[in-house]
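Text of the file data.cif, holding mmCIF, C-alpha atoms:
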```
data_input
#
loop_
_atom_site.group_PDB
_atom_site.id
_atom_site.type_symbol
_atom_site.label_atom_id
_atom_site.label_comp_id
_atom_site.auth_asym_id
_atom_site.auth_seq_id
_atom_site.Cartn_x
_atom_site.Cartn_y
_atom_site.Cartn_z
ATOM 1 C CA MET A 1 -126.558 119.946 142.728
ATOM 2 C CA THR A 2 -126.508 123.541 141.507
ATOM 3 C CA ASP A 3 -124.126 124.648 138.774
ATOM 4 C CA THR A 4 -121.918 127.320 140.296
ATOM 5 C CA GLY A 5 -119.462 127.503 137.414
ATOM 6 C CA PHE A 6 -116.273 125.772 138.561
ATOM 7 C CA SER A 7 -114.348 123.930 135.852
ATOM 8 C CA GLN A 8 -110.907 122.608 135.079
ATOM 9 C CA LYS A 9 -110.076 126.126 133.891
ATOM 10 C CA SER A 10 -110.566 127.319 137.476
ATOM 11 C CA PHE A 11 -107.738 125.063 138.582
ATOM 12 C CA ASN A 12 -105.620 125.859 135.542
ATOM 13 C CA LEU A 13 -105.771 129.543 136.504
ATOM 14 C CA LEU A 14 -104.554 128.771 140.010
ATOM 15 C CA GLU A 15 -101.709 126.754 138.494
ATOM 16 C CA VAL A 16 -100.674 129.644 136.273
ATOM 17 C CA LEU A 17 -101.010 132.107 139.156
ATOM 18 C CA ARG A 18 -98.551 130.055 141.169
ATOM 19 C CA ALA A 19 -95.931 130.533 138.453
ATOM 20 C CA ASN A 20 -96.824 134.167 137.681
ATOM 21 C CA ASN A 21 -97.747 135.653 141.026
ATOM 22 C CA THR A 22 -97.300 139.314 140.158
ATOM 23 C CA LYS A 23 -99.499 142.395 140.020
ATOM 24 C CA ASP A 24 -98.942 142.690 136.260
ATOM 25 C CA TRP A 25 -100.117 139.138 135.555
ATOM 26 C CA TYR A 26 -103.142 139.463 137.818
ATOM 27 C CA ALA A 27 -104.161 142.800 136.309
ATOM 28 C CA ALA A 28 -104.015 141.293 132.811
ATOM 29 C CA HIS A 29 -106.115 138.272 133.861
ATOM 30 C CA ARG A 30 -108.401 139.881 136.442
ATOM 31 C CA ALA A 31 -111.602 139.401 134.418
ATOM 32 C CA THR A 32 -110.837 135.753 133.663
ATOM 33 C CA PHE A 33 -109.930 135.120 137.294
ATOM 34 C CA LYS A 34 -113.229 136.621 138.374
ATOM 35 C CA ASP A 35 -115.287 134.647 135.839
ATOM 36 C CA HIS A 36 -113.772 131.267 136.649
ATOM 37 C CA LEU A 37 -112.878 131.559 140.338
ATOM 38 C CA LEU A 38 -114.198 134.540 142.278
ATOM 39 C CA GLN A 39 -117.727 134.638 140.867
ATOM 40 C CA PRO A 40 -118.250 130.855 141.079
ATOM 41 C CA PHE A 41 -117.000 130.928 144.665
ATOM 42 C CA GLU A 42 -119.372 133.756 145.546
ATOM 43 C CA ASP A 43 -122.230 131.899 143.858
ATOM 44 C CA MET A 44 -121.390 128.788 145.872
ATOM 45 C CA LEU A 45 -121.617 130.754 149.124
ATOM 46 C CA VAL A 46 -124.950 132.291 148.116
ATOM 47 C CA VAL A 47 -126.445 128.943 147.065
ATOM 48 C CA THR A 48 -125.247 127.294 150.265
ATOM 49 C CA SER A 49 -126.682 130.153 152.336
ATOM 50 C CA GLU A 50 -130.077 129.641 150.766
ATOM 51 C CA ARG A 51 -130.036 125.932 151.557
ATOM 52 C CA LEU A 52 -128.922 126.504 155.160
ATOM 53 C CA LYS A 53 -131.380 129.256 156.033
ATOM 54 C CA THR A 54 -134.079 126.945 157.443
ATOM 55 C CA ARG A 55 -131.728 125.097 159.798
ATOM 56 C CA GLU A 56 -131.390 125.959 163.479
ATOM 57 C CA PHE A 57 -127.756 126.936 163.007
ATOM 58 C CA ALA A 58 -128.359 128.897 159.813
ATOM 59 C CA MET A 59 -125.274 130.453 158.228
ATOM 60 C CA SER A 60 -124.878 132.744 155.269
ATOM 61 C CA GLY A 61 -122.273 134.429 153.134
ATOM 62 C CA GLY A 62 -121.471 135.892 149.756
ATOM 63 C CA ALA A 63 -119.126 138.498 148.345
ATOM 64 C CA GLN A 64 -118.935 140.149 151.775
ATOM 65 C CA THR A 65 -117.571 136.995 153.410
ATOM 66 C CA MET A 66 -114.873 136.231 150.842
ATOM 67 C CA PHE A 67 -111.275 136.998 151.703
ATOM 68 C CA ARG A 68 -109.187 139.398 149.644
ATOM 69 C CA GLN A 69 -107.074 137.873 146.932
ATOM 70 C CA ASN A 70 -104.109 140.165 147.403
ATOM 71 C CA ARG A 71 -101.740 139.342 150.239
ATOM 72 C CA ASP A 72 -101.053 141.880 152.964
ATOM 73 C CA ALA A 73 -97.273 142.216 152.943
ATOM 74 C CA ARG A 74 -97.344 143.433 156.550
ATOM 75 C CA PHE A 75 -98.417 140.025 157.809
ATOM 76 C CA ASN A 76 -97.461 137.640 154.988
ATOM 77 C CA LYS A 77 -93.805 137.241 154.147
ATOM 78 C CA GLY A 78 -92.726 135.988 150.744
ATOM 79 C CA PRO A 79 -92.633 137.187 147.144
ATOM 80 C CA ASP A 80 -96.234 136.364 146.142
ATOM 81 C CA ALA A 81 -98.493 139.352 145.547
ATOM 82 C CA TYR A 82 -101.661 137.218 145.728
ATOM 83 C CA HIS A 83 -102.910 134.215 147.636
ATOM 84 C CA ARG A 84 -102.631 130.973 145.674
ATOM 85 C CA TYR A 85 -106.147 130.022 146.689
ATOM 86 C CA VAL A 86 -109.643 131.467 146.880
ATOM 87 C CA SER A 87 -111.374 131.447 150.248
ATOM 88 C CA GLY A 88 -114.475 132.569 152.059
ATOM 89 C CA MET A 89 -116.810 131.696 154.883
ATOM 90 C CA LEU A 90 -120.378 131.395 156.051
ATOM 91 C CA SER A 91 -121.356 132.588 159.499
ATOM 92 C CA PRO A 92 -124.464 133.084 161.640
ATOM 93 C CA SER A 93 -124.195 136.855 161.117
ATOM 94 C CA GLY A 94 -123.415 136.674 157.406
ATOM 95 C CA THR A 95 -120.201 138.622 158.009
ATOM 96 C CA LYS A 96 -116.522 137.854 158.545
ATOM 97 C CA LEU A 97 -116.748 139.266 162.070
ATOM 98 C CA ALA A 98 -117.543 135.892 163.603
ATOM 99 C CA SER A 99 -115.710 132.930 165.061
ATOM 100 C CA HIS A 100 -118.614 131.007 166.601
ATOM 101 C CA GLY A 101 -119.836 128.077 164.559
ATOM 102 C CA VAL A 102 -118.572 129.181 161.174
ATOM 103 C CA ILE A 103 -117.845 127.371 157.930
ATOM 104 C CA TYR A 104 -114.618 128.169 156.090
ATOM 105 C CA ALA A 105 -113.900 127.001 152.543
ATOM 106 C CA ARG A 106 -110.617 127.194 150.660
ATOM 107 C CA LEU A 107 -110.190 126.274 146.996
ATOM 108 C CA THR A 108 -106.628 125.365 145.999
ATOM 109 C CA ILE A 109 -104.871 123.786 143.033
ATOM 110 C CA THR A 110 -105.469 120.311 144.454
ATOM 111 C CA GLY A 111 -108.978 120.962 145.792
ATOM 112 C CA GLY A 112 -108.442 122.595 149.162
ATOM 113 C CA PHE A 113 -110.489 121.961 152.284
ATOM 114 C CA LEU A 114 -113.569 122.736 154.319
ATOM 115 C CA SER A 115 -113.496 123.625 157.980
ATOM 116 C CA MET A 116 -116.390 124.019 160.382
ATOM 117 C CA GLY A 117 -116.559 124.895 164.047
ATOM 118 C CA PHE A 118 -115.166 127.479 166.437
ATOM 119 C CA HIS A 119 -112.133 129.389 165.146
ATOM 120 C CA ASP A 120 -109.968 132.215 166.476
ATOM 121 C CA LEU A 121 -111.248 132.014 170.028
ATOM 122 C CA SER A 122 -109.889 134.302 172.722
ATOM 123 C CA THR A 123 -108.234 132.770 175.779
ATOM 124 C CA GLN A 124 -111.425 133.450 177.734
ATOM 125 C CA GLN A 125 -113.532 131.689 175.106
ATOM 126 C CA LEU A 126 -111.131 128.751 174.908
ATOM 127 C CA ASN A 127 -111.338 128.379 178.669
ATOM 128 C CA LYS A 128 -115.135 128.319 178.484
ATOM 129 C CA MET A 129 -114.898 125.479 175.976
ATOM 130 C CA ARG A 130 -112.339 123.672 178.114
ATOM 131 C CA ASP A 131 -114.424 124.023 181.276
ATOM 132 C CA HIS A 132 -117.553 122.800 179.494
ATOM 133 C CA ILE A 133 -115.682 119.732 178.214
ATOM 134 C CA LEU A 134 -114.349 118.920 181.694
ATOM 135 C CA GLN A 135 -117.796 119.384 183.233
ATOM 136 C CA ASN A 136 -119.462 117.203 180.595
ATOM 137 C CA PRO A 137 -116.876 114.602 179.546
ATOM 138 C CA ASP A 138 -119.324 111.819 178.734
ATOM 139 C CA LYS A 139 -121.423 114.072 176.520
ATOM 140 C CA PHE A 140 -118.313 115.350 174.767
ATOM 141 C CA LYS A 141 -117.034 111.804 174.151
ATOM 142 C CA GLU A 142 -120.413 110.921 172.649
ATOM 143 C CA ILE A 143 -120.188 113.896 170.297
ATOM 144 C CA ILE A 144 -116.642 113.015 169.255
ATOM 145 C CA ALA A 145 -117.771 109.451 168.525
ATOM 146 C CA GLN A 146 -120.612 110.797 166.369
ATOM 147 C CA LEU A 147 -118.162 112.937 164.416
ATOM 148 C CA GLN A 148 -115.803 110.011 163.931
ATOM 149 C CA ASP A 149 -118.682 107.886 162.655
ATOM 150 C CA ALA A 150 -119.295 110.627 160.080
ATOM 151 C CA GLY A 151 -115.611 110.579 159.083
ATOM 152 C CA LEU A 152 -114.881 113.892 160.793
ATOM 153 C CA GLY A 153 -112.427 114.866 163.493
ATOM 154 C CA PHE A 154 -110.250 117.570 165.016
ATOM 155 C CA PRO A 155 -106.691 117.487 163.620
ATOM 156 C CA GLU A 156 -103.704 118.303 165.796
ATOM 157 C CA ASP A 157 -101.439 119.587 163.047
ATOM 158 C CA MET A 158 -102.375 121.399 159.850
ATOM 159 C CA ASP A 159 -99.131 120.975 157.879
ATOM 160 C CA PRO A 160 -100.923 119.332 154.906
ATOM 161 C CA PHE A 161 -102.938 122.534 154.491
ATOM 162 C CA ASP A 162 -99.984 124.869 155.139
ATOM 163 C CA LEU A 163 -101.554 126.000 158.415
ATOM 164 C CA PRO A 164 -100.018 126.099 161.904
ATOM 165 C CA SER A 165 -100.480 123.499 164.598
ATOM 166 C CA LEU A 166 -103.831 123.672 166.343
ATOM 167 C CA THR A 167 -102.731 122.340 169.726
ATOM 168 C CA LEU A 168 -100.526 123.596 172.533
ATOM 169 C CA ALA A 169 -97.438 121.565 173.397
ATOM 170 C CA THR A 170 -98.314 121.704 177.098
ATOM 171 C CA MET A 171 -101.466 122.162 179.132
ATOM 172 C CA PRO A 172 -102.766 125.741 179.215
ATOM 173 C CA ARG A 173 -102.426 127.803 182.364
ATOM 174 C CA GLY A 174 -104.855 126.696 185.033
ATOM 175 C CA TYR A 175 -105.393 123.199 183.619
ATOM 176 C CA ALA A 176 -102.208 121.371 184.656
ATOM 177 C CA ASP A 177 -104.172 119.156 187.033
ATOM 178 C CA HIS A 178 -105.910 117.615 184.016
ATOM 179 C CA LYS A 179 -102.753 116.643 182.119
ATOM 180 C CA ASP A 180 -103.394 112.926 182.648
ATOM 181 C CA SER A 181 -107.075 113.135 181.762
ATOM 182 C CA ASP A 182 -108.335 111.511 178.578
ATOM 183 C CA MET A 183 -109.710 114.971 177.814
ATOM 184 C CA ALA A 184 -106.194 116.495 177.903
ATOM 185 C CA PRO A 185 -105.720 116.463 174.082
ATOM 186 C CA PHE A 186 -108.871 118.549 173.728
ATOM 187 C CA ILE A 187 -107.975 120.890 176.586
ATOM 188 C CA ARG A 188 -104.721 121.697 174.732
ATOM 189 C CA ARG A 189 -106.590 122.685 171.592
ATOM 190 C CA LYS A 190 -106.360 126.247 170.249
ATOM 191 C CA SER A 191 -109.224 125.699 167.797
ATOM 192 C CA PHE A 192 -112.359 123.579 167.926
ATOM 193 C CA ALA A 193 -113.038 122.983 164.262
ATOM 194 C CA ILE A 194 -113.007 119.993 161.954
ATOM 195 C CA PHE A 195 -111.022 120.078 158.720
ATOM 196 C CA GLU A 196 -111.739 117.922 155.683
ATOM 197 C CA ALA A 197 -109.675 117.858 152.495
ATOM 198 C CA GLN A 198 -111.615 118.266 149.253
ATOM 199 C CA THR A 199 -110.894 117.107 145.709
ATOM 200 C CA LYS A 200 -110.945 119.051 142.473
ATOM 201 C CA LYS A 201 -113.777 116.801 141.324
ATOM 202 C CA ILE A 202 -116.175 117.869 144.080
ATOM 203 C CA TRP A 203 -115.873 121.490 142.931
ATOM 204 C CA ILE A 204 -116.101 120.735 139.213
ATOM 205 C CA ASP A 205 -119.100 118.437 139.798
ATOM 206 C CA ASN A 206 -120.789 121.229 141.783
ATOM 207 C CA ALA A 207 -121.104 118.903 144.776
ATOM 208 C CA ILE A 208 -119.299 121.152 147.252
ATOM 209 C CA THR A 209 -122.544 122.655 148.587
ATOM 210 C CA ASP A 210 -123.963 119.174 149.186
ATOM 211 C CA ARG A 211 -120.849 118.277 151.180
ATOM 212 C CA ILE A 212 -121.077 121.456 153.254
ATOM 213 C CA LEU A 213 -124.667 120.627 154.138
ATOM 214 C CA GLU A 214 -123.709 117.059 155.067
ATOM 215 C CA ILE A 215 -120.939 118.272 157.379
ATOM 216 C CA HIS A 216 -123.209 120.920 158.857
ATOM 217 C CA ALA A 217 -125.802 118.255 159.728
ATOM 218 C CA ALA A 218 -123.163 115.971 161.239
ATOM 219 C CA MET A 219 -121.835 118.869 163.331
ATOM 220 C CA ASP A 220 -125.213 119.748 164.843
ATOM 221 C CA SER A 221 -124.552 118.248 168.286
ATOM 222 C CA PHE A 222 -121.124 119.833 168.474
ATOM 223 C CA LEU A 223 -122.448 123.226 167.379
ATOM 224 C CA ARG A 224 -125.008 122.995 170.192
ATOM 225 C CA PHE A 225 -122.320 121.973 172.696
ATOM 226 C CA GLY A 226 -119.924 124.739 171.723
ATOM 227 C CA THR A 227 -122.584 127.426 171.490
ATOM 228 C CA HIS A 228 -123.836 126.525 174.966
ATOM 229 C CA ALA A 229 -120.280 126.710 176.345
ATOM 230 C CA LEU A 230 -119.561 130.104 174.842
ATOM 231 C CA THR A 231 -122.896 131.722 175.620
ATOM 232 C CA THR A 232 -123.387 130.448 179.162
ATOM 233 C CA GLY A 233 -119.916 129.462 180.302
ATOM 234 C CA GLN A 234 -121.372 126.446 182.066
#
```

Using the file provided, produce a representation of the structure as structure tokens.
Amino acid sequence: MTDTGFSQKSFNLLEVLRANNTKDWYAAHRATFKDHLLQPFEDMLVVTSERLKTREFAMSGGAQTMFRQNRDARFNKGPDAYHRYVSGMLSPSGTKLASHGVIYARLTITGGFLSMGFHDLSTQQLNKMRDHILQNPDKFKEIIAQLQDAGLGFPEDMDPFDLPSLTLATMPRGYADHKDSDMAPFIRRKSFAIFEAQTKKIWIDNAITDRILEIHAAMDSFLRFGTHALTTGQ
């Protein structure tokens, strides 16, 4: 484990931010927020990048792959001026301009979550994934079983994380004939990524990087499957 600087004070700051979510409060506490949340989070991404760089599906990140703390009022309704969490990602390109095989981390008051897989896919990309699953059902079932053995899976609804549902209510256009297939729940998916809740302790103990590497290793077969689907369409 590498000390990246998270502590109980990191979570205390998020607690106070929730009750004082204004530009004035944030301006007065900007340096403290950076020292105990933003910089440790950046350090975590950098350390994780270094440990992932020798793997086939290497991913990297740092300050450039963290998401802005202030909320964009054009797209986020509500009174808060800032997000109540800190978040960032690692990607094959080392930028935020990626949706293929990425790792997303969010630190919240209660611990937050990690997500890994294929996010924000276009309809064309989703259809490539769907077609690949239907063409290789046995292989896909084997991969899902491997993920389940590792305690990982694809959730249908993200309410616990204050995120929208990840599945369509009905079969997507062009796939109605597969509505009775045991692959139907996966064909209805809008995202092919696992989500795992994290505790405050894993951040404070500086074990979050270890957990990311464990999930990354467990996801290897799925990353191969999804990458093949999106790059070849077969």

Explicit residue set for the PyMOL selection byres ((chain A and resi 61-67) around 7), as a PyMOL selection string: chain A and resi 42+45-46+49+60+68-69+87-91+94-96

statement: Of A:Phe186, A:Phe57, A:Phe140, A:Tyr85, the one sitting nearest Ala105 (chain A) when using only C-alpha atoms is A:Tyr85

- prompt: Where does the PyMOL selection byres ((chain A and resi 36-38) around 7) land in this file, that is, which residues does it pick, as an MDAnalysis selection string?
  reply: chainID A and resid 5:6 9:10 32:35 39:42

Size and centre in Å, one decimal, axis-aligned box, all listed region 112-115 of chain A atoms plus 5 Å per side, as lines of an AutoDock Vina configuration file:
```
center_x = -111.0
center_y = 122.8
center_z = 153.6
size_x = 15.1
size_y = 11.7
size_z = 18.8
```

- request: Give me, please, the distance in Å between CA of Glu156 (chain A) and CA of Leu213 (chain A), quoted to one decimal.
  value: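 Taking CA of Glu156 (chain A) and CA of Leu213 (chain A), their separation equals 24.1 Å.
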
task: Could you tell me which residues the PyMOL selection byres ((chain A and resi 113) around 8) returns for this structure, as a PyMOL selection string?
output: chain A and resi 105-107+111-112+114-115+161+195-198

- request: Check the smallest atom-to-atom distance from each of A:His216, A:Lys179, A:Arg188, A:Arg18 to Ala58 (chain A) using only C-alpha atoms, then report the winner.
  value: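 Among A:His216, A:Lys179, A:Arg188, A:Arg18, it is A:His216 that comes nearest to Ala58 (chain A).
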
message: Restricting the calculation to only C-alpha atoms: of A:Glu214, A:Pro92, A:Lys201, A:Ala207, which residue gets closest to Ile109 (chain A)?
response: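 The closest residue to Ile109 (chain A) is A:Lys201.
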
task: Please indicate the distance in Å from CA of His29 (chain A) to CA of Leu14 (chain A), rounded to one decimal place.
output: 11.4 Å

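Relative to CA of Thr170 (chain A), CA of Gly151 (chain A) is found at 27.3 Å.
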
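Each of A:Ile215, A:Val47, A:Leu17, A:Ala31 was compared to Gln148 (chain A) using only C-alpha atoms, and A:Ile215 turns out to be the nearest.
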
- prompt: Near Arg173 (chain A), within 12 Å and counting only C-alpha atoms, which residues show up once chain neighbours fewer than 6 positions away are dropped, as a list in words?
  reply: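 What passes the distance filter is Thr123, Gln124, Leu126, Asn127, Arg130, Lys179, Ile187 and Arg188 of chain A.
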
Selection file, C-alpha atoms, as a short mmCIF file (atom, residue, chain, number, x, y, z; two decimals), in the coordinates of the input:
```cif
data_model
loop_
_atom_site.label_atom_id
_atom_site.label_comp_id
_atom_site.auth_asym_id
_atom_site.auth_seq_id
_atom_site.Cartn_x
_atom_site.Cartn_y
_atom_site.Cartn_z
CA THR A 123 -108.23 132.77 175.78
CA GLN A 124 -111.42 133.45 177.73
CA LEU A 126 -111.13 128.75 174.91
CA ASN A 127 -111.34 128.38 178.67
CA ARG A 130 -112.34 123.67 178.11
CA LYS A 179 -102.75 116.64 182.12
CA ILE A 187 -107.98 120.89 176.59
CA ARG A 188 -104.72 121.70 174.73
#
```
